[in-house]
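With mmCIF, C-alpha atoms inside, this is start_4.cif:
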```
data_final
loop_
_atom_site.label_atom_id
_atom_site.label_comp_id
_atom_site.auth_asym_id
_atom_site.auth_seq_id
_atom_site.Cartn_x
_atom_site.Cartn_y
_atom_site.Cartn_z
CA LYS J 1 187.23 140.36 108.79
CA GLU J 2 188.48 142.03 105.63
CA GLU J 3 185.47 140.73 103.70
CA THR J 4 183.13 142.06 106.40
CA LEU J 5 184.75 145.48 106.30
CA ASP J 6 184.60 145.55 102.52
CA LEU J 7 180.91 144.65 102.61
CA LYS J 8 180.20 147.45 105.10
CA GLU J 9 182.04 149.92 102.90
CA VAL J 10 180.02 148.84 99.88
CA ILE J 11 176.76 149.19 101.82
CA ASN J 12 177.75 152.65 103.04
CA GLU J 13 178.63 153.70 99.51
CA ILE J 14 175.27 152.45 98.23
CA ILE J 15 173.39 154.31 100.98
CA GLY J 16 175.41 157.44 100.29
CA SER J 17 174.67 157.20 96.58
CA VAL J 18 170.94 156.89 97.24
CA LYS J 19 170.93 159.99 99.42
CA ILE J 20 173.00 161.97 96.92
CA GLY J 21 170.52 160.81 94.31
CA GLU J 22 167.78 162.54 96.30
CA LEU J 23 169.70 165.81 96.17
CA ILE J 24 168.14 168.32 93.78
CA GLN J 25 169.09 171.73 92.46
CA TYR J 26 166.44 174.29 93.31
CA GLY J 27 165.69 177.73 91.92
CA PRO J 28 167.56 179.79 89.31
CA GLU J 29 170.67 179.68 91.52
CA ASN J 30 170.63 175.85 91.46
CA LEU J 31 170.80 175.62 95.24
CA PRO J 32 171.43 172.17 96.74
CA ALA J 33 168.20 170.99 98.37
CA GLY J 34 166.14 168.02 99.46
CA PRO J 35 163.30 166.71 97.27
CA ASP J 36 160.57 168.04 99.59
CA ILE J 37 161.86 171.60 99.79
CA GLU J 38 158.94 173.02 97.83
CA LYS J 39 156.00 170.96 99.10
CA ASP J 40 156.90 170.74 102.79
CA PRO J 41 155.34 173.57 104.87
CA ASN J 42 158.56 173.92 106.86
CA MET J 43 162.17 174.49 105.83
CA ILE J 44 165.67 173.96 107.22
CA ILE J 45 168.38 176.31 105.95
CA VAL J 46 172.00 175.14 106.05
CA GLU J 47 175.21 176.56 104.65
CA GLY J 48 176.46 174.12 102.03
CA ARG J 49 175.86 171.11 99.81
CA ALA J 50 177.59 168.70 102.20
CA ASP J 51 175.23 169.80 104.98
CA VAL J 52 172.21 168.99 102.80
CA ILE J 53 173.60 165.55 101.94
CA ASN J 54 174.22 164.77 105.61
CA LEU J 55 170.68 165.72 106.62
CA LEU J 56 169.24 163.76 103.69
CA LYS J 57 171.11 160.75 105.02
CA TYR J 58 169.05 161.01 108.21
CA GLY J 59 165.71 161.56 106.49
CA TYR J 60 165.41 165.37 106.48
CA LYS J 61 164.18 166.22 102.99
CA ASN J 62 162.98 169.80 103.54
CA VAL J 63 166.48 171.26 103.64
CA ILE J 64 168.17 173.81 101.39
CA ALA J 65 171.68 175.28 101.30
CA LEU J 66 172.92 178.82 100.86
CA GLU J 67 175.95 177.30 99.13
CA GLY J 68 178.52 179.66 100.66
CA ALA J 69 176.49 182.86 100.69
CA GLN J 70 179.48 185.16 101.33
CA GLY J 71 177.47 188.31 101.72
CA LYS J 72 174.85 187.54 99.09
CA ILE J 73 171.78 185.59 100.13
CA PRO J 74 170.02 183.93 97.16
CA GLU J 75 166.67 185.46 96.24
CA THR J 76 165.22 181.95 96.21
CA ILE J 77 165.92 181.62 99.94
CA LYS J 78 164.29 184.98 100.69
CA GLU J 79 161.12 184.20 98.76
CA LEU J 80 160.84 180.59 99.89
CA SER J 81 161.15 181.55 103.56
CA LYS J 82 158.09 183.79 103.25
CA GLN J 83 155.99 180.85 102.08
CA LYS J 84 156.89 178.51 104.94
CA LYS J 85 155.18 178.10 108.32
CA ILE J 86 158.42 177.39 110.17
CA VAL J 87 161.94 178.20 109.00
CA ILE J 88 164.90 176.77 110.92
CA ALA J 89 168.45 178.06 110.47
CA PHE J 90 170.70 175.06 111.23
CA LEU J 91 174.16 176.53 111.73
CA ASP J 92 177.70 175.30 112.32
CA GLY J 93 178.94 175.51 115.90
CA ASP J 94 181.52 178.19 115.24
CA HIS J 95 181.80 181.90 114.50
CA GLY J 96 181.00 181.18 110.86
CA GLY J 97 177.54 180.08 111.94
CA ASP J 98 177.00 183.45 113.62
CA LEU J 99 178.06 185.25 110.45
CA ILE J 100 175.63 183.23 108.34
CA LEU J 101 172.75 184.12 110.67
CA ARG J 102 173.68 187.79 110.49
CA GLU J 103 173.61 187.68 106.71
CA LEU J 104 170.23 185.93 106.68
CA LEU J 105 168.70 188.55 108.96
CA ALA J 106 170.38 191.45 107.18
CA HIS J 107 168.69 190.28 103.97
CA ASN J 108 165.28 189.92 105.65
CA VAL J 109 165.07 186.15 105.43
CA LYS J 110 162.26 184.87 107.67
CA ILE J 111 163.80 182.80 110.48
CA ASP J 112 161.67 181.29 113.25
CA TYR J 113 164.14 179.03 115.06
CA VAL J 114 167.90 178.61 115.32
CA ALA J 115 169.60 175.22 115.74
CA ARG J 116 173.35 174.91 116.27
CA ALA J 117 175.83 172.11 115.79
CA PRO J 118 177.91 171.35 118.91
CA ALA J 119 180.72 173.84 119.53
CA GLY J 120 183.50 173.47 116.98
CA LYS J 121 181.55 171.08 114.76
CA GLU J 122 179.99 171.54 111.33
CA VAL J 123 176.55 170.32 110.29
CA GLU J 124 178.04 168.17 107.54
CA GLU J 125 179.96 166.01 110.05
CA LEU J 126 177.22 165.43 112.62
CA THR J 127 175.96 161.97 113.49
CA LYS J 128 172.24 161.23 113.46
CA LYS J 129 172.15 161.50 117.25
CA GLU J 130 173.84 164.91 117.12
CA VAL J 131 171.46 166.16 114.41
CA VAL J 132 168.40 165.09 116.40
CA LYS J 133 169.79 166.66 119.58
CA ALA J 134 170.57 169.94 117.82
CA LEU J 135 167.06 170.18 116.39
CA GLU J 136 165.49 169.26 119.73
CA ASP J 137 167.48 172.06 121.36
CA MET J 138 166.64 174.71 118.76
CA VAL J 139 165.43 178.00 120.22
CA PRO J 140 163.18 180.79 118.92
CA LEU J 141 165.04 183.48 116.97
CA VAL J 142 164.44 186.21 119.54
CA GLN J 143 165.76 184.04 122.35
CA HIS J 144 168.90 183.31 120.34
CA LEU J 145 169.42 186.98 119.50
CA LYS J 146 169.31 187.90 123.17
CA LYS J 147 172.46 185.84 123.58
CA MET J 148 174.14 187.80 120.80
CA LYS J 149 174.21 191.05 122.76
CA GLU J 150 176.62 192.77 120.42
CA TYR J 151 174.34 192.20 117.44
CA LYS J 152 171.39 194.53 116.88
CA PRO J 153 170.30 194.43 113.21
CA VAL J 154 167.00 195.90 112.12
CA GLN J 155 165.20 192.55 112.23
CA ALA J 156 166.55 191.86 115.71
CA VAL J 157 165.18 195.18 116.93
CA LYS J 158 161.83 194.42 115.31
CA ALA J 159 161.81 191.00 116.91
CA GLU J 160 162.57 192.50 120.32
CA THR J 161 159.77 195.02 119.80
CA GLN J 162 157.33 192.21 119.05
CA VAL J 163 158.33 190.36 122.20
CA GLN J 164 157.99 193.48 124.34
CA ALA J 165 154.57 194.15 122.82
CA GLN J 166 153.52 190.61 123.62
CA LEU J 167 154.80 190.87 127.19
CA GLN J 168 152.85 194.08 127.72
CA VAL J 169 149.63 192.45 126.57
CA LEU J 170 150.31 189.36 128.66
CA GLU J 171 150.76 191.46 131.79
CA GLY J 172 147.70 193.57 131.14
CA VAL J 173 149.44 196.79 130.11
CA GLN J 174 147.07 198.94 128.09
CA GLN J 175 149.68 200.60 125.92
CA ALA J 176 149.40 199.52 122.27
CA PRO J 177 152.79 199.86 120.56
CA THR J 178 153.15 199.66 116.80
CA VAL J 179 154.06 196.20 115.58
CA SER J 180 154.46 194.64 112.18
CA PRO J 181 151.51 192.97 110.36
CA GLN J 182 153.13 189.59 111.04
CA ALA J 183 153.22 190.30 114.78
CA ALA J 184 149.61 191.43 114.67
CA LYS J 185 148.61 187.96 113.53
CA GLU J 186 150.14 186.35 116.61
CA VAL J 187 147.81 185.11 119.32
CA LEU J 188 148.24 187.38 122.31
CA VAL J 189 146.87 186.01 125.56
CA LYS J 190 146.19 187.90 128.75
CA ILE J 191 147.49 185.72 131.56
CA PRO J 192 146.07 186.34 135.04
CA SER J 193 148.55 187.65 137.60
CA GLN J 194 148.23 184.56 139.80
CA VAL J 195 149.15 182.33 136.86
CA LEU J 196 152.12 184.54 135.98
CA GLU J 197 153.28 184.23 139.58
CA ARG J 198 153.03 180.46 139.33
CA ILE J 199 155.03 180.53 136.09
CA ARG J 200 157.79 182.48 137.85
CA THR J 201 158.21 179.70 140.42
CA LEU J 202 157.67 176.78 138.05
CA SER J 203 161.28 176.08 137.06
CA GLY J 204 162.66 172.89 138.58
CA THR J 205 159.30 171.56 139.78
CA LEU J 206 158.65 169.24 136.80
CA GLU J 207 154.97 170.05 137.23
CA GLY J 208 152.28 171.08 134.80
CA TYR J 209 148.94 172.86 135.08
CA LEU J 210 145.93 172.52 132.81
CA TYR J 211 143.44 175.40 132.59
CA ASP J 212 140.08 175.93 130.94
CA GLU J 213 138.97 178.85 128.77
CA ASN J 214 138.66 181.15 131.81
CA TRP J 215 141.96 180.11 133.40
CA ASN J 216 140.25 177.92 135.98
CA GLU J 217 142.61 175.13 136.99
CA ILE J 218 141.50 171.72 135.75
CA ALA J 219 144.40 169.59 136.94
CA THR J 220 147.92 169.58 138.34
CA VAL J 221 150.12 166.81 136.96
CA GLN J 222 153.71 165.70 136.71
CA VAL J 223 155.28 166.64 133.37
CA ARG J 224 155.58 162.99 132.34
CA GLU J 225 151.80 162.61 132.77
CA ILE J 226 150.67 165.60 130.69
CA VAL J 227 150.16 163.65 127.46
CA SER J 228 148.18 160.84 129.09
CA LYS J 229 146.10 163.31 131.09
CA LEU J 230 145.29 165.39 128.03
CA GLU J 231 144.39 162.25 126.08
CA SER J 232 141.88 161.32 128.78
CA LEU J 233 140.05 164.66 128.65
CA GLU J 234 137.33 165.71 126.23
CA LYS J 235 138.00 167.97 123.28
CA ASP J 236 137.72 171.71 124.15
CA LYS J 237 138.08 170.91 127.86
CA VAL J 238 141.59 172.38 128.13
CA ALA J 239 142.47 175.80 126.71
CA TYR J 240 145.89 176.49 128.29
CA ILE J 241 148.74 174.29 129.48
CA VAL J 242 151.66 175.61 131.54
CA PHE J 243 154.44 173.19 132.46
CA ASP J 244 158.09 172.83 133.43
CA GLY J 245 159.12 170.73 130.45
CA VAL J 246 159.89 170.59 126.74
CA ILE J 247 157.18 171.29 124.17
CA THR J 248 157.47 168.31 121.81
CA GLN J 249 155.89 167.58 118.45
CA ARG J 250 153.79 164.82 120.03
CA LEU J 251 152.34 167.21 122.61
CA VAL J 252 151.74 169.91 119.99
CA ASP J 253 149.84 167.48 117.75
CA LEU J 254 147.73 166.25 120.66
CA ALA J 255 147.04 169.80 121.83
CA SER J 256 145.89 170.72 118.34
CA ALA J 257 143.53 167.74 118.25
CA LYS J 258 142.11 168.73 121.66
CA ASN J 259 141.75 172.42 120.65
CA VAL J 260 144.23 173.67 123.24
CA LYS J 261 144.94 177.33 122.50
CA VAL J 262 148.32 177.87 124.16
CA LEU J 263 151.21 175.69 125.32
CA ILE J 264 153.72 177.34 127.66
CA GLY J 265 156.81 175.25 128.44
CA SER J 266 160.41 175.64 129.52
CA ARG J 267 161.57 175.34 125.91
CA ILE J 268 160.48 174.21 122.46
CA GLY J 269 162.21 171.12 121.16
CA GLY J 270 162.11 169.55 117.71
CA VAL J 271 158.76 171.01 116.64
CA THR J 272 158.90 171.19 112.86
CA LYS J 273 155.16 171.27 112.16
CA LYS J 274 153.22 173.91 114.07
CA PRO J 275 149.41 173.79 113.79
CA GLU J 276 147.60 177.05 113.15
CA ASN J 277 145.34 176.65 116.19
CA VAL J 278 148.03 176.30 118.88
CA GLU J 279 150.32 179.08 120.12
CA LEU J 280 153.71 177.99 121.50
CA LEU J 281 155.42 180.11 124.15
CA THR J 282 158.36 179.57 126.47
CA ILE J 283 158.64 180.62 130.09
CA THR J 284 161.76 182.59 129.18
CA ASP J 285 159.87 184.54 126.52
CA LEU J 286 157.23 185.53 129.07
CA LEU J 287 159.46 186.44 131.97
CA THR J 288 162.56 187.92 130.29
CA THR J 289 162.31 191.66 129.91
#
```
If you convert what's in this file into structure tokens, what do you get?
Amino acid sequence: KEETLDLKEVINEIIGSVKIGELIQYGPENLPAGPDIEKDPNMIIVEGRADVINLLKYGYKNVIALEGAQGKIPETIKELSKQKKIVIAFLDGDHGGDLILRELLAHNVKIDYVARAPAGKEVEELTKKEVVKALEDMVPLVQHLKKMKEYKPVQAVKAETQVQAQLQVLEGVQQAPTVSPQAAKEVLVKIPSQVLERIRTLSGTLEGYLYDENWNEIATVQVREIVSKLESLEKDKVAYIVFDGVITQRLVDLASAKNVKVLIGSRIGGVTKKPENVELLTITDLLTT
């Protein structure tokens, strides 16, 4: 038994050494990062070096650390975030995680999604299962900020303004509020009132609806059948999908291949690569005012 334990320890040490070997120092601040931090279109921001090493161990190579920001966010992080399609802030499950997010936003770092470690845990100590679960459960920045009612930084207010502007367009309101250039690039879709009403009653049904370009219903399916149904249909047949389920990377990739314009689900889970031709929305984003 002792020999077996010793062998396991040696193997773990070897694996750990390999992953640490993949760790690089990036930018003039020598920030701990994964080897793909520059070439990958997406980025995961964590707090420290140990967090990066833990994520490297599970195959996440597009990660970079603030390395204990303490009120000063590295310029490298600010500039790099502007170049990425999707930026995920992966935070510890304590008050310190909230403080890090506040600092990121206060320094105008582009954040698209927020992932959290389980309550009381740090990213550096998470198991692979916990890491995957945390990333699957990540939520859009605006949705996360709504839970932080006491926090209203400039970027949060801007984000709320963008959401309100989108809601007004979706519900057919003619008012055209001023939004940032980034918000102007977003795909805004006018959803018919009957579809909005269906969305309001969708929760808990585990059903999905496929629509064509003119919002004519093509099919009603169970959530588990959406992928197979979409696979069976011709390209450009489906323009919009509304369903009571999680928007996954697999569904996003398939929707992109089929030229689906918009996916509306109960939440977005684990999507790290978002195609340019598909807009992702959640039911909460549409119905929360």
**Asked** So which residues touch Arg224 of chain J within 12 Å, counting all atoms listed in the file, skipping near sequence neighbours fewer than 6 positions away, as a PyMOL selection string?
**Response** chain J and resi 205-208+230+243-248+251
**Message:** I want to know what sits within 10 Å of Asn277 of chain J, based on all atoms listed in the file, with residues of the same chain fewer than 6 positions away left out; could you give that as a ChimeraX atom specification?
**Reply:** /J:187,255-257,259-262
Segment 223-228 of chain J: axis-aligned bounding box, 8 Å on each side, centre and edge lengths in Å, one decimal, as lines of an AutoDock Vina configuration file:
```
center_x = 151.9
center_y = 163.7
center_z = 130.4
size_x = 23.4
size_y = 21.8
size_z = 21.9
```
**Asked** Asp36 of chain J: which residues within 12 Å, counting only C-alpha atoms, same-chain residues fewer than 5 positions away excluded, as a PyMOL selection string?
**Response** chain J and resi 22-26+41-44+56+59-64
**Message:** Which residues are near Lys258 of chain J? Cut-off 7 Å, only C-alpha atoms, ignore same chain within fewer than 3 positions. Put them as a ChimeraX atom specification.
**Reply:** /J:235-236,254-255
**Request:** Within 7 Å of Ala134 of chain J, counting all atoms listed in the file, which residues show up once you throw out same-chain ones fewer than 4 positions away? Write them as a PyMOL selection string, please.
**Result:** chain J and resi 115-117+130+138
Write the residues of the preceding selection, restricted to C-alpha atoms, as a short mmCIF file (atom, residue, chain, number, x, y, z; two decimals), in the frame of the given file.
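Output below, filename part_20.cif:
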```
data_model
loop_
_atom_site.label_atom_id
_atom_site.label_comp_id
_atom_site.auth_asym_id
_atom_site.auth_seq_id
_atom_site.Cartn_x
_atom_site.Cartn_y
_atom_site.Cartn_z
CA ALA J 115 169.60 175.22 115.74
CA ARG J 116 173.35 174.91 116.27
CA ALA J 117 175.83 172.11 115.79
CA GLU J 130 173.84 164.91 117.12
CA MET J 138 166.64 174.71 118.76
#
```
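Interatomic distance, atom CA of Lys237 of chain J to atom CA of Glu213 of chain J: 8.0 Å.
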**Request:** Using atom CA of Val46 of chain J and atom CA of Leu263 of chain J as the two end points, give the distance in Å to one decimal.
**Result:**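 It comes out at 28.4 Å.
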**Distance in Å - atom CA of Lys78 of chain J versus atom CA of Ala106 of chain J** =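 Interatomic distance here is 11.0 Å.
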Hey, could you patch up segment 262-289 of chain J with N, CA and C atoms and hand it over as a PDB file, in the coordinates of the input?
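Below you can see part-v6.pdb, which holds the result:
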```pdb
ATOM      1  N   VAL J 262     146.949 177.451 123.874  1.00  0.00           N
ATOM      2  CA  VAL J 262     148.320 177.870 124.160  1.00  0.00           C
ATOM      3  C   VAL J 262     149.063 176.818 124.970  1.00  0.00           C
ATOM      4  N   LEU J 263     150.297 176.534 124.548  1.00  0.00           N
ATOM      5  CA  LEU J 263     151.210 175.690 125.320  1.00  0.00           C
ATOM      6  C   LEU J 263     152.355 176.575 125.798  1.00  0.00           C
ATOM      7  N   ILE J 264     152.612 176.569 127.103  1.00  0.00           N
ATOM      8  CA  ILE J 264     153.720 177.340 127.660  1.00  0.00           C
ATOM      9  C   ILE J 264     154.645 176.357 128.377  1.00  0.00           C
ATOM     10  N   GLY J 265     155.868 176.194 127.856  1.00  0.00           N
ATOM     11  CA  GLY J 265     156.810 175.250 128.440  1.00  0.00           C
ATOM     12  C   GLY J 265     158.157 175.892 128.699  1.00  0.00           C
ATOM     13  N   SER J 266     159.086 175.102 129.227  1.00  0.00           N
ATOM     14  CA  SER J 266     160.410 175.640 129.520  1.00  0.00           C
ATOM     15  C   SER J 266     161.197 175.907 128.244  1.00  0.00           C
ATOM     16  N   ARG J 267     160.971 175.079 127.223  1.00  0.00           N
ATOM     17  CA  ARG J 267     161.570 175.340 125.910  1.00  0.00           C
ATOM     18  C   ARG J 267     160.823 174.544 124.846  1.00  0.00           C
ATOM     19  N   ILE J 268     161.098 174.894 123.591  1.00  0.00           N
ATOM     20  CA  ILE J 268     160.480 174.210 122.460  1.00  0.00           C
ATOM     21  C   ILE J 268     161.526 173.317 121.822  1.00  0.00           C
ATOM     22  N   GLY J 269     161.213 172.045 121.685  1.00  0.00           N
ATOM     23  CA  GLY J 269     162.210 171.120 121.160  1.00  0.00           C
ATOM     24  C   GLY J 269     161.713 170.299 119.985  1.00  0.00           C
ATOM     25  N   GLY J 270     162.385 170.412 118.848  1.00  0.00           N
ATOM     26  CA  GLY J 270     162.110 169.550 117.710  1.00  0.00           C
ATOM     27  C   GLY J 270     160.734 169.671 117.096  1.00  0.00           C
ATOM     28  N   VAL J 271     160.086 170.819 117.245  1.00  0.00           N
ATOM     29  CA  VAL J 271     158.760 171.010 116.640  1.00  0.00           C
ATOM     30  C   VAL J 271     158.953 171.579 115.239  1.00  0.00           C
ATOM     31  N   THR J 272     158.712 170.758 114.240  1.00  0.00           N
ATOM     32  CA  THR J 272     158.900 171.190 112.860  1.00  0.00           C
ATOM     33  C   THR J 272     157.577 171.476 112.146  1.00  0.00           C
ATOM     34  N   LYS J 273     156.474 171.026 112.752  1.00  0.00           N
ATOM     35  CA  LYS J 273     155.160 171.270 112.160  1.00  0.00           C
ATOM     36  C   LYS J 273     154.248 171.893 113.210  1.00  0.00           C
ATOM     37  N   LYS J 274     154.025 173.186 113.080  1.00  0.00           N
ATOM     38  CA  LYS J 274     153.220 173.910 114.070  1.00  0.00           C
ATOM     39  C   LYS J 274     151.813 174.130 113.533  1.00  0.00           C
ATOM     40  N   PRO J 275     150.803 173.589 114.215  1.00  0.00           N
ATOM     41  CA  PRO J 275     149.410 173.790 113.790  1.00  0.00           C
ATOM     42  C   PRO J 275     149.011 175.257 113.924  1.00  0.00           C
ATOM     43  N   GLU J 276     148.058 175.665 113.114  1.00  0.00           N
ATOM     44  CA  GLU J 276     147.600 177.050 113.150  1.00  0.00           C
ATOM     45  C   GLU J 276     146.843 177.378 114.432  1.00  0.00           C
ATOM     46  N   ASN J 277     146.232 176.366 115.057  1.00  0.00           N
ATOM     47  CA  ASN J 277     145.340 176.650 116.190  1.00  0.00           C
ATOM     48  C   ASN J 277     146.009 176.569 117.554  1.00  0.00           C
ATOM     49  N   VAL J 278     147.333 176.378 117.594  1.00  0.00           N
ATOM     50  CA  VAL J 278     148.030 176.300 118.880  1.00  0.00           C
ATOM     51  C   VAL J 278     149.185 177.294 118.909  1.00  0.00           C
ATOM     52  N   GLU J 279     149.222 178.135 119.938  1.00  0.00           N
ATOM     53  CA  GLU J 279     150.320 179.080 120.120  1.00  0.00           C
ATOM     54  C   GLU J 279     151.356 178.462 121.057  1.00  0.00           C
ATOM     55  N   LEU J 280     152.630 178.543 120.689  1.00  0.00           N
ATOM     56  CA  LEU J 280     153.710 177.990 121.500  1.00  0.00           C
ATOM     57  C   LEU J 280     154.518 179.118 122.123  1.00  0.00           C
ATOM     58  N   LEU J 281     154.646 179.095 123.438  1.00  0.00           N
ATOM     59  CA  LEU J 281     155.420 180.110 124.150  1.00  0.00           C
ATOM     60  C   LEU J 281     156.355 179.428 125.135  1.00  0.00           C
ATOM     61  N   THR J 282     157.466 180.101 125.448  1.00  0.00           N
ATOM     62  CA  THR J 282     158.360 179.570 126.470  1.00  0.00           C
ATOM     63  C   THR J 282     158.295 180.453 127.712  1.00  0.00           C
ATOM     64  N   ILE J 283     158.635 179.870 128.834  1.00  0.00           N
ATOM     65  CA  ILE J 283     158.640 180.620 130.090  1.00  0.00           C
ATOM     66  C   ILE J 283     159.624 181.779 129.999  1.00  0.00           C
ATOM     67  N   THR J 284     160.758 181.536 129.338  1.00  0.00           N
ATOM     68  CA  THR J 284     161.760 182.590 129.180  1.00  0.00           C
ATOM     69  C   THR J 284     161.205 183.767 128.393  1.00  0.00           C
ATOM     70  N   ASP J 285     160.465 183.468 127.321  1.00  0.00           N
ATOM     71  CA  ASP J 285     159.870 184.540 126.520  1.00  0.00           C
ATOM     72  C   ASP J 285     158.936 185.404 127.353  1.00  0.00           C
ATOM     73  N   LEU J 286     158.215 184.793 128.268  1.00  0.00           N
ATOM     74  CA  LEU J 286     157.230 185.530 129.070  1.00  0.00           C
ATOM     75  C   LEU J 286     157.873 186.352 130.174  1.00  0.00           C
ATOM     76  N   LEU J 287     158.926 185.817 130.766  1.00  0.00           N
ATOM     77  CA  LEU J 287     159.460 186.440 131.970  1.00  0.00           C
ATOM     78  C   LEU J 287     160.703 187.287 131.740  1.00  0.00           C
ATOM     79  N   THR J 288     161.357 187.131 130.570  1.00  0.00           N
ATOM     80  CA  THR J 288     162.560 187.920 130.290  1.00  0.00           C
ATOM     81  C   THR J 288     162.154 189.282 129.759  1.00  0.00           C
ATOM     82  N   THR J 289     162.637 190.301 130.358  1.00  0.00           N
ATOM     83  CA  THR J 289     162.310 191.660 129.910  1.00  0.00           C
ATOM     84  C   THR J 289     163.543 192.334 129.368  1.00  0.00           C
TER      85      THR J 289
END
```
